[in-house]
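Q: Have a look at this one.
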Amino acid sequence: MVLHSEFLSEIGLDEHFFAAESRRGRSFREEAGELLEQYAAACSEFGCSPESEVFLRFHLSDVVNQASFLKEMLKGRQSFLSIVGQPPADGGRLALEAWHWKGDIRKSRCADSLDVLLRNYKAFWFRVPELHGQGSLAQTLEEFERLKAYLADRSVTVESGTVRTWLYCRDVDNNYTGLVKARNDFFSRNGLNKGTHFIASTGIEGQAAEPSCIVAMDSISYAGLRPGQQIWLSAPEHLSPTTLYGVSFERGTRLVFGDRSHYLISGTASIDRNGAVVHPFDVERQTERLLENVAALLETSGGKLSDLRSAAVYLRDPADSDVVRSILKETLPPGFPFVVVRAPVCRPAWLVEMECFGVNAGGSAAFPEFL
């Protein structure tokens, strides 16, 4: 079943979100074909099309062997395509997440990047198509330096325009340290620090199709954002600043537009105000705590759990899928689009992590509408 949510606006773009996981037990081509057919039917039901699709992410069970087949099936699609090796927790071969903007948009796709031109803003999705460095530190630095160069050609900086990153790390238990060092170094040299701000992010286990690729990064940046339009979220009574344990990302970011707000919530786990893991070895209580943390982050800036529109849930052990799904379905809006995949979190004691995206009508006349 394809899950769907939406945010409809009388002024700006309509936004639609989809999530689905394949029905297991057949070949990859069969599972992928059926999933894409179901997704296309759901898009048609809500008036969406390949023209309105701006973001499409697939989580694959065997990315090295499956990515080329999937790309062939999607050939000609003018969207930002993200393919990650993160097996769906329930045993299927693939899961998808999609984001559509319905309205007057112009898209320009080149290799693994996508530029979307709106009336008031420009959005840039980016992924480095090929890495040359060795190891997680060198590859993470290369990812950020290449992003910096890409944005410079569009008169945007990472500090001013990048609002969200996803860092997928092969064998996160052993390679995450290099990723963290590289990101800290790049940020310190480019005006991002605890006195300014960092970037909302997820750093999680994930594989690229190329075995030599230790780190893969997706990002979204905007041109046209004004001072005060980004609000960096924190809830220090519930979860610590990330700098307390040596990493540099924002817990979440609120983007305020004239007609709405976007809430970009980073990968969030069961953590407390001192940076400690809460409820070790108990996935049920860890899930409840991460939802409490997400709610706290939203509430600090006019949001609530019912404003969420999509999520990705990461498990260290896929055997925990049923209990985690049950809690999420009880807590989040009916039919809420989310996927659950196997992807160990950066600290082994964390059994579950969730990233999510929200939208509400809490805009500000000080900024242009999202159109």
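Naming scheme: A, B, ... for chains in displayed order of the structure tokens; residues 1 onward per chain; ligands 1 onward as shown.
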So that I can see what lies close to A:Gln230, please list as a ChimeraX atom specification the residues with an atom at most 9 Å from it, counting only C-alpha atoms and leaving out residues fewer than 2 positions away in the same chain.
A: /A:163,225-228,232,253-256
Q: Check stretch 213-367 of chain A with DSSP on the backbone and list each residue it calls alpha helix (DSSP H), as a ChimeraX atom specification.
A: /A:283-299,321-331
Q: Could those residues be written to a file, using N, CA and C atoms, as a short mmCIF file (atom, residue, chain, number, x, y, z; two decimals), in the first residue's frame?
A:
```cif
data_model
loop_
_atom_site.label_atom_id
_atom_site.label_comp_id
_atom_site.auth_asym_id
_atom_site.auth_seq_id
_atom_site.Cartn_x
_atom_site.Cartn_y
_atom_site.Cartn_z
N VAL A 283 13.73 -1.29 22.86
CA VAL A 283 13.38 -0.57 21.64
C VAL A 283 12.02 0.12 21.76
N GLU A 284 11.10 -0.48 22.54
CA GLU A 284 9.78 0.14 22.69
C GLU A 284 9.90 1.49 23.38
N ARG A 285 10.61 1.53 24.49
CA ARG A 285 10.74 2.79 25.23
C ARG A 285 11.65 3.78 24.49
N GLN A 286 12.62 3.27 23.74
CA GLN A 286 13.43 4.18 22.93
C GLN A 286 12.59 4.85 21.85
N THR A 287 11.67 4.11 21.25
CA THR A 287 10.80 4.70 20.24
C THR A 287 9.91 5.78 20.85
N GLU A 288 9.37 5.49 22.02
CA GLU A 288 8.54 6.49 22.70
C GLU A 288 9.35 7.74 23.04
N ARG A 289 10.61 7.55 23.46
CA ARG A 289 11.43 8.71 23.82
C ARG A 289 11.81 9.53 22.59
N LEU A 290 12.12 8.88 21.48
CA LEU A 290 12.48 9.67 20.30
C LEU A 290 11.28 10.48 19.82
N LEU A 291 10.07 9.92 19.93
CA LEU A 291 8.88 10.69 19.56
C LEU A 291 8.67 11.87 20.50
N GLU A 292 8.95 11.67 21.77
CA GLU A 292 8.90 12.77 22.74
C GLU A 292 9.89 13.86 22.36
N ASN A 293 11.09 13.46 21.94
CA ASN A 293 12.11 14.43 21.54
C ASN A 293 11.71 15.19 20.28
N VAL A 294 11.17 14.48 19.30
CA VAL A 294 10.72 15.13 18.07
C VAL A 294 9.62 16.14 18.38
N ALA A 295 8.65 15.73 19.22
CA ALA A 295 7.57 16.64 19.59
C ALA A 295 8.11 17.89 20.28
N ALA A 296 9.11 17.71 21.15
CA ALA A 296 9.69 18.86 21.85
C ALA A 296 10.35 19.82 20.87
N LEU A 297 11.07 19.29 19.89
CA LEU A 297 11.71 20.14 18.90
C LEU A 297 10.68 20.93 18.11
N LEU A 298 9.63 20.28 17.68
CA LEU A 298 8.58 20.96 16.92
C LEU A 298 7.90 22.05 17.74
N GLU A 299 7.60 21.72 18.99
CA GLU A 299 6.83 22.64 19.83
C GLU A 299 7.61 23.91 20.18
N SER A 321 10.88 -4.38 14.00
CA SER A 321 10.01 -3.61 13.11
C SER A 321 8.57 -3.56 13.59
N ASP A 322 8.00 -4.69 13.99
CA ASP A 322 6.57 -4.72 14.35
C ASP A 322 6.26 -3.81 15.53
N VAL A 323 7.07 -3.87 16.57
CA VAL A 323 6.78 -3.05 17.75
C VAL A 323 6.96 -1.57 17.44
N VAL A 324 7.97 -1.23 16.64
CA VAL A 324 8.19 0.18 16.29
C VAL A 324 7.05 0.70 15.41
N ARG A 325 6.66 -0.08 14.42
CA ARG A 325 5.54 0.34 13.56
C ARG A 325 4.27 0.56 14.38
N SER A 326 4.02 -0.33 15.33
CA SER A 326 2.80 -0.22 16.13
C SER A 326 2.77 1.10 16.90
N ILE A 327 3.88 1.47 17.50
CA ILE A 327 3.94 2.72 18.27
C ILE A 327 3.77 3.93 17.35
N LEU A 328 4.41 3.91 16.20
CA LEU A 328 4.30 5.03 15.28
C LEU A 328 2.87 5.19 14.78
N LYS A 329 2.22 4.09 14.46
CA LYS A 329 0.84 4.18 13.96
C LYS A 329 -0.12 4.68 15.03
N GLU A 330 0.17 4.38 16.28
CA GLU A 330 -0.67 4.87 17.38
C GLU A 330 -0.46 6.36 17.64
N THR A 331 0.74 6.87 17.34
CA THR A 331 1.12 8.22 17.74
C THR A 331 0.97 9.23 16.61
#
```
Q: Find the residues near A:Lys107: any atom within 12 Å, counting only C-alpha atoms, skip ones fewer than 4 places away on the same chain, and give them as a count of residues only.
A: 22
Q: When you look at A:Arg347 with a cut-off of 10 Å (counting only C-alpha atoms), what residues show up, excluding the ones that are within fewer than 5 positions of it in the same chain? I need them as a ChimeraX atom specification.
A: /A:172-173,176,204,269,277
Q: Name the closest residue to A:Met1 among the candidates A:Asn65, A:Thr300, A:Leu96, A:Ser234; distances are taken between atoms, counting only C-alpha atoms.
A: A:Leu96
Q: Which one of A:Glu45, A:Leu371, A:Glu145, A:Asp90 sits closest to A:Ala319 if you count only C-alpha atoms?
A: A:Asp90
Q: Could you pull the residues within 12 Å of stretch 149-153 of chain A, counting only C-alpha atoms, minus those fewer than 3 positions along the same chain, as number ranges by chain?
A: A: 110, 112-115, 122-128, 142-146, 156-162, 219-223
Q: Looking at only C-alpha atoms, which of A:Asp320, A:Leu13, A:Glu72, A:Leu94 is the one that sits closest to A:Gly25?
A: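 Distance minimum relative to A:Gly25 lands on A:Leu94.
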Q: What separation in Å, quoted to one decimal, exists between atom CA of A:Leu74 and atom CA of A:Phe7?
A: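 Going from atom CA of A:Leu74 over to atom CA of A:Phe7, I get 26.2 Å.
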Q: Which residues are near A:Phe367? Cut-off 7 Å, only C-alpha atoms, ignore same chain within fewer than 2 positions. Put them as a count of residues only.
A: 5
Q: Using only C-alpha atoms, which residues sit within 8 Å of stretch 86-89 of chain A once same-chain residues fewer than 6 positions away are excluded, as a compact mmCIF listing (two decimals) with C-alpha atoms, in the first residue's frame?
A:
```txt
# COMPACT_ATOMS: atom_id res chain seq x y z
CA GLU A 21 7.51 -0.71 0.64
CA HIS A 59 16.10 2.04 -0.11
CA LEU A 60 17.42 -1.22 -1.59
CA SER A 61 18.22 -4.61 -0.07
CA ASP A 62 21.25 -5.23 -2.35
CA ALA A 95 11.09 0.97 -0.36
CA GLU A 205 24.49 3.34 8.02
CA GLY A 206 23.92 3.17 4.27
CA GLN A 207 25.70 1.86 1.19
CA LEU A 315 16.56 0.07 12.98
CA PRO A 318 14.83 -5.54 11.75
CA ALA A 319 13.21 -7.94 14.24
CA SER A 321 10.01 -3.61 13.11
CA VAL A 339 9.39 3.63 5.68
CA VAL A 340 11.25 1.34 8.09
CA VAL A 341 14.69 0.09 7.06
CA ARG A 342 17.66 -1.68 8.57
CA ALA A 343 20.31 0.96 9.19
```
Q: With only C-alpha atoms as the atoms that count, which of A:Pro348, A:Gly85, A:Gly362, A:Gly33 lies nearest to A:Pro280?
A: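 Nearest candidate to A:Pro280 out of A:Pro348, A:Gly85, A:Gly362, A:Gly33: A:Pro348.
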Q: Write out as an NGL selection string the set of residues from stretch 90-259 of chain A that DSSP, computed on the backbone, places in strand (DSSP E).
A: :A and (94-102 or 106-110 or 113-117 or 122-126 or 162-169 or 200-205 or 215-223 or 230-233 or 252-256)
Q: Between A:Ser68, A:Asn175, A:Ser5, A:Gln134, which has the minimum distance to A:Phe338 (counting only C-alpha atoms)?
A: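 The answer is A:Ser5, which sits nearest to A:Phe338.
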Q: Closest to A:Tyr121 among A:His238, A:Leu308, A:Pro368, A:Val64, using only C-alpha atoms?
A: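 Looking at the shortest contact to A:Tyr121, the residue is A:Pro368.
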Q: Tell me, in Å to one decimal, how far atom CA of A:Cys213 is from atom CA of A:Tyr168.
A: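 Pair atom CA of A:Cys213 / atom CA of A:Tyr168 returns 9.9 Å.
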Q: Quick one: pull the distance between atom CA of A:Leu167 and atom CA of A:His197, Å, one decimal.
A: 18.1 Å
